[in-house]
Amino acid sequence: MPDRPNIVIITMDQLRWDALGCVGNPVVRTPNIDRLAREGARCEHFFVQSPVCQPSRATMFTGRYPRAHGVKWNWHNLPERESTLAATLSDAGYHTHAIGKMHFTPIDKLHGFDDRFFVEGKMFSEYDEYRTRLREKGLVDVYFEHVKQWGNPENYGTATFPLGDDNYVDTYIGRNAKRIISADNREPFFYWVSFCNPHMPFDPPEPFDSMYPPESVDMPSDFPHIQHSRIPEFRTSSGQRDFSPLTEQKLRKVIANYYGCISLVDREIGGVLDALESRGVLDDTVIIFLSDHGEMLGHRGQLWKGRMLYDHLVRVPFIVRYPPEIGGGQIISDLVQATDIMPTILDYAGISGAPGIQGRSIRRLIRKDEVDWRQWAFAEAGGVKMARTHTWKLIHYVGKSYGELYNLEADPLELENLYDRPEYASKRAEMTQLLVNILIETEDPLPEAALGTPYEGIAGDHPQQEYGGRDRDAYLR
């Protein structure tokens, strides 16, 4: 086992936790991602801390909650004071390279990476490597006209990509990831390979556009259950679109194209694995696969994402492959979070930590060691906060008289809101107390205590600041 293994993170954008073959989806075909699960460990209850891209990615990149790192919604800058995963690994001697969609702002910064192959999201309107290449080929005008269809209620962006597979954004990212990995000879390395799909518009090129006939996909069991609740945040979806024109016929095509986008990315992930294998480093590399958030995909009659904290958006796939230490086919059932990614990677890399980390390494969970692990997951979208256990979920709306409470064992789709039911008043109070405790326990630990100052000679010794009942070192472990 190498002292400092290589590290690769592979991310997708807007991938639901249940849209992979390895989790039992009977339709979508994902052989390469399934291989990672078959040869590694899969966390079946993994949660991101935000339902949209930038705050979720910033949490992966810092090990800190959105209210701590400051990226609380899209288009918020990542503060320069934040210690990033890439910078920490670079300082420890890793060669670090970002490939694909990072979705950080300021958008032109490296954010700690040594190198960056700059390709942003499908709806990016400026010129990165990908759109510059399309411009050179005389294709960029057709591309921008196509992307504008993403919000068209006639098809919700399900048109076939008009420029073919060879010119598709994730084909381009995958091809260049394979090229970069194959040509590089520096070790240890950290690559973050970040694909743009299955984010809307749902527009795979042929043959992926016809891979899944619309009549073959499973419809959400709660469609067309349009819950026009009194909770206005529920209706604040991405782009604030009206989904009343979403018919079963349209939704079937959306789902079919969504699956097609996933299968295309799976093919490109196979190319990344091939490049690592050809270079002879596949089994010396910790590979982590996940998504930044999920997708409503017709549940509750909605598409896309927004200020909603349902599992459709905050529960995502998470897989770790590292054969020297991880046996194949493991399932981790504990509640794991995006805050845990950075400390886990630093643990494998033999790096003690970084300032302000709020997550914990899951390495001992994977090894089946006895671990006193948290019994909750937390997510937030501005003033909307979620506390979730294995069996219950509370969604709290700051300053509002309403809220949401769900029994997840009886109601996994979170359709029957028990918040105002008198018979669940004690459970509501219990979950509210849990949320309060989470918010207090996870207060920003920065700035850290300045121990060993000249004042101690007169003022005497003082115990370290406690974090949730544990000292700082225990908290960071």
# chains A, B, ... in the order shown; residues from 1 in each chain; ligands from 1

$ select_by_dssp --residues "region 152-306 of chain A" --states "strand (DSSP E or B)" --output "MDAnalysis selection string"
chainID A and resid 189:194 237 285:291 306

$ atom_distance --atom1 "CA of Asn6 (chain A)" --atom2 "CA of Asp284 (chain A)"
6.3 Å

$ closest_atom_pairs --of "region 262-379 of chain A" --to "region 422-445 of chain A" --cutoff "8 Å" --atoms "only C-alpha atoms" --output "JSON lines"
{"residue": "A:Gly356", "atom": "CA", "partner": "A:Pro445", "partner_atom": "CA", "distance": 5.5}
{"residue": "A:Gln358", "atom": "CA", "partner": "A:Thr442", "partner_atom": "CA", "distance": 7.0}
{"residue": "A:Phe378", "atom": "CA", "partner": "A:Ile438", "partner_atom": "CA", "distance": 7.7}

$ write_last_selection --atoms "C-alpha atoms" --output "compact mmCIF listing (two decimals), in the first residue's frame"
# COMPACT_ATOMS: atom_id res chain seq x y z
CA GLY A 356 -11.84 24.84 10.09
CA GLN A 358 -16.21 20.40 10.06
CA PHE A 378 -27.88 18.36 7.76

$ residues_around --residues "region 24-31 of chain A" --least-positions-apart "6" --cutoff "10 Å" --atoms "only C-alpha atoms" --output "list in words"
Trp17, Asp18, Ala37, Arg38, Met211, Tyr212, Ser216, Val217, Asp218, Ile255, Ala256, Tyr258, Tyr259, Gly260, Ile262, Ser263, Leu264, Val265, Asp266, Arg267, Ile269 and Gly270 of chain A

$ closest_residue --among "A:Leu251, A:Ala98, A:Met200, A:Val71" --to "Ala381 (chain A)" --atoms "only C-alpha atoms"
A:Val71

$ residues_around --residues "region 57-63 of chain A" --least-positions-apart "3" --cutoff "10 Å" --atoms "only C-alpha atoms" --output "PyMOL selection string"
chain A and resi 11+48-50+52-54+66-72+77-78+82-88+102-105+111+291-293+337-344+354-360

$ residues_around --residues "Asn417 (chain A)" --least-positions-apart "6" --cutoff "8 Å" --atoms "only C-alpha atoms" --output "list in words"
Glu404, Leu405 and Tyr406 of chain A

$ closest_atom_pairs --of "region 147-209 of chain A" --to "region 297-314 of chain A" --cutoff "10 Å" --atoms "only C-alpha atoms" --output "tab-separated table"
residue	atom	partner	partner_atom	distance
A:Tyr156	CA	A:Leu303	CA	8.9
A:His199	CA	A:Trp304	CA	8.1
A:Met200	CA	A:Trp304	CA	7.4
A:Pro201	CA	A:Trp304	CA	9.8

$ residues_around --residues "Ala349 (chain A)" --least-positions-apart "2" --cutoff "10 Å" --atoms "only C-alpha atoms" --output "PyMOL selection string"
chain A and resi 2-7+89+92+94+188+286+343-347+351-352

$ write_last_selection --atoms "N, CA, C and O atoms" --output "PDB file, in the first residue's frame"
ATOM      1  N   PRO A   2       0.725   2.136  -0.987  1.00  0.00           N
ATOM      2  CA  PRO A   2       1.563   3.331  -1.022  1.00  0.00           C
ATOM      3  C   PRO A   2       1.311   4.236   0.174  1.00  0.00           C
ATOM      4  O   PRO A   2       0.191   4.335   0.674  1.00  0.00           O
ATOM      5  N   ASP A   3       2.380   4.914   0.651  1.00  0.00           N
ATOM      6  CA  ASP A   3       2.215   5.847   1.764  1.00  0.00           C
ATOM      7  C   ASP A   3       1.321   7.019   1.391  1.00  0.00           C
ATOM      8  O   ASP A   3       0.554   7.524   2.219  1.00  0.00           O
ATOM      9  N   ARG A   4       1.453   7.478   0.136  1.00  0.00           N
ATOM     10  CA  ARG A   4       0.643   8.603  -0.340  1.00  0.00           C
ATOM     11  C   ARG A   4      -0.020   8.191  -1.645  1.00  0.00           C
ATOM     12  O   ARG A   4       0.542   8.382  -2.723  1.00  0.00           O
ATOM     13  N   PRO A   5      -1.202   7.627  -1.566  1.00  0.00           N
ATOM     14  CA  PRO A   5      -1.866   7.171  -2.788  1.00  0.00           C
ATOM     15  C   PRO A   5      -2.256   8.344  -3.669  1.00  0.00           C
ATOM     16  O   PRO A   5      -2.447   9.471  -3.202  1.00  0.00           O
ATOM     17  N   ASN A   6      -2.363   8.072  -4.956  1.00  0.00           N
ATOM     18  CA  ASN A   6      -2.945   9.047  -5.865  1.00  0.00           C
ATOM     19  C   ASN A   6      -4.440   9.170  -5.543  1.00  0.00           C
ATOM     20  O   ASN A   6      -5.040   8.275  -4.947  1.00  0.00           O
ATOM     21  N   ILE A   7      -5.030  10.292  -5.954  1.00  0.00           N
ATOM     22  CA  ILE A   7      -6.431  10.571  -5.628  1.00  0.00           C
ATOM     23  C   ILE A   7      -7.141  11.107  -6.865  1.00  0.00           C
ATOM     24  O   ILE A   7      -6.620  12.002  -7.546  1.00  0.00           O
ATOM     25  N   LEU A  89      -3.515  19.682  -0.635  1.00  0.00           N
ATOM     26  CA  LEU A  89      -2.774  18.602  -1.273  1.00  0.00           C
ATOM     27  C   LEU A  89      -1.553  19.130  -2.022  1.00  0.00           C
ATOM     28  O   LEU A  89      -0.482  18.506  -2.005  1.00  0.00           O
ATOM     29  N   ALA A  92       1.252  19.694   0.214  1.00  0.00           N
ATOM     30  CA  ALA A  92       1.834  18.439   0.700  1.00  0.00           C
ATOM     31  C   ALA A  92       2.599  17.685  -0.381  1.00  0.00           C
ATOM     32  O   ALA A  92       3.054  16.563  -0.143  1.00  0.00           O
ATOM     33  N   TYR A  94       1.440  17.018  -3.674  1.00  0.00           N
ATOM     34  CA  TYR A  94       0.628  16.428  -4.739  1.00  0.00           C
ATOM     35  C   TYR A  94       0.604  17.367  -5.946  1.00  0.00           C
ATOM     36  O   TYR A  94       0.553  18.593  -5.786  1.00  0.00           O
ATOM     37  N   PRO A 188       2.794  11.882  -6.285  1.00  0.00           N
ATOM     38  CA  PRO A 188       1.370  11.568  -6.272  1.00  0.00           C
ATOM     39  C   PRO A 188       0.565  12.671  -6.941  1.00  0.00           C
ATOM     40  O   PRO A 188       0.979  13.826  -6.965  1.00  0.00           O
ATOM     41  N   VAL A 286      -6.922   6.286  -4.898  1.00  0.00           N
ATOM     42  CA  VAL A 286      -8.218   6.401  -4.236  1.00  0.00           C
ATOM     43  C   VAL A 286      -9.158   7.121  -5.202  1.00  0.00           C
ATOM     44  O   VAL A 286      -8.904   8.270  -5.575  1.00  0.00           O
ATOM     45  N   PRO A 343     -11.847  15.608   4.722  1.00  0.00           N
ATOM     46  CA  PRO A 343     -11.088  14.907   5.755  1.00  0.00           C
ATOM     47  C   PRO A 343     -10.801  13.447   5.402  1.00  0.00           C
ATOM     48  O   PRO A 343      -9.759  12.914   5.797  1.00  0.00           O
ATOM     49  N   THR A 344     -11.678  12.806   4.643  1.00  0.00           N
ATOM     50  CA  THR A 344     -11.416  11.425   4.217  1.00  0.00           C
ATOM     51  C   THR A 344     -10.210  11.373   3.290  1.00  0.00           C
ATOM     52  O   THR A 344      -9.311  10.525   3.451  1.00  0.00           O
ATOM     53  N   ILE A 345     -10.171  12.263   2.319  1.00  0.00           N
ATOM     54  CA  ILE A 345      -9.047  12.285   1.384  1.00  0.00           C
ATOM     55  C   ILE A 345      -7.749  12.616   2.104  1.00  0.00           C
ATOM     56  O   ILE A 345      -6.703  11.984   1.861  1.00  0.00           O
ATOM     57  N   LEU A 346      -7.782  13.587   2.988  1.00  0.00           N
ATOM     58  CA  LEU A 346      -6.562  13.936   3.726  1.00  0.00           C
ATOM     59  C   LEU A 346      -6.114  12.771   4.599  1.00  0.00           C
ATOM     60  O   LEU A 346      -4.904  12.555   4.782  1.00  0.00           O
ATOM     61  N   ASP A 347      -7.048  12.014   5.125  1.00  0.00           N
ATOM     62  CA  ASP A 347      -6.712  10.828   5.922  1.00  0.00           C
ATOM     63  C   ASP A 347      -5.945   9.820   5.066  1.00  0.00           C
ATOM     64  O   ASP A 347      -4.874   9.324   5.455  1.00  0.00           O
ATOM     65  N   ILE A 351      -2.309  13.376   5.662  1.00  0.00           N
ATOM     66  CA  ILE A 351      -2.216  14.793   6.010  1.00  0.00           C
ATOM     67  C   ILE A 351      -3.112  15.032   7.223  1.00  0.00           C
ATOM     68  O   ILE A 351      -4.274  14.612   7.239  1.00  0.00           O
ATOM     69  N   SER A 352      -2.593  15.709   8.219  1.00  0.00           N
ATOM     70  CA  SER A 352      -3.278  15.783   9.513  1.00  0.00           C
ATOM     71  C   SER A 352      -4.593  16.541   9.463  1.00  0.00           C
ATOM     72  O   SER A 352      -5.495  16.266  10.242  1.00  0.00           O
TER      73      SER A 352
END
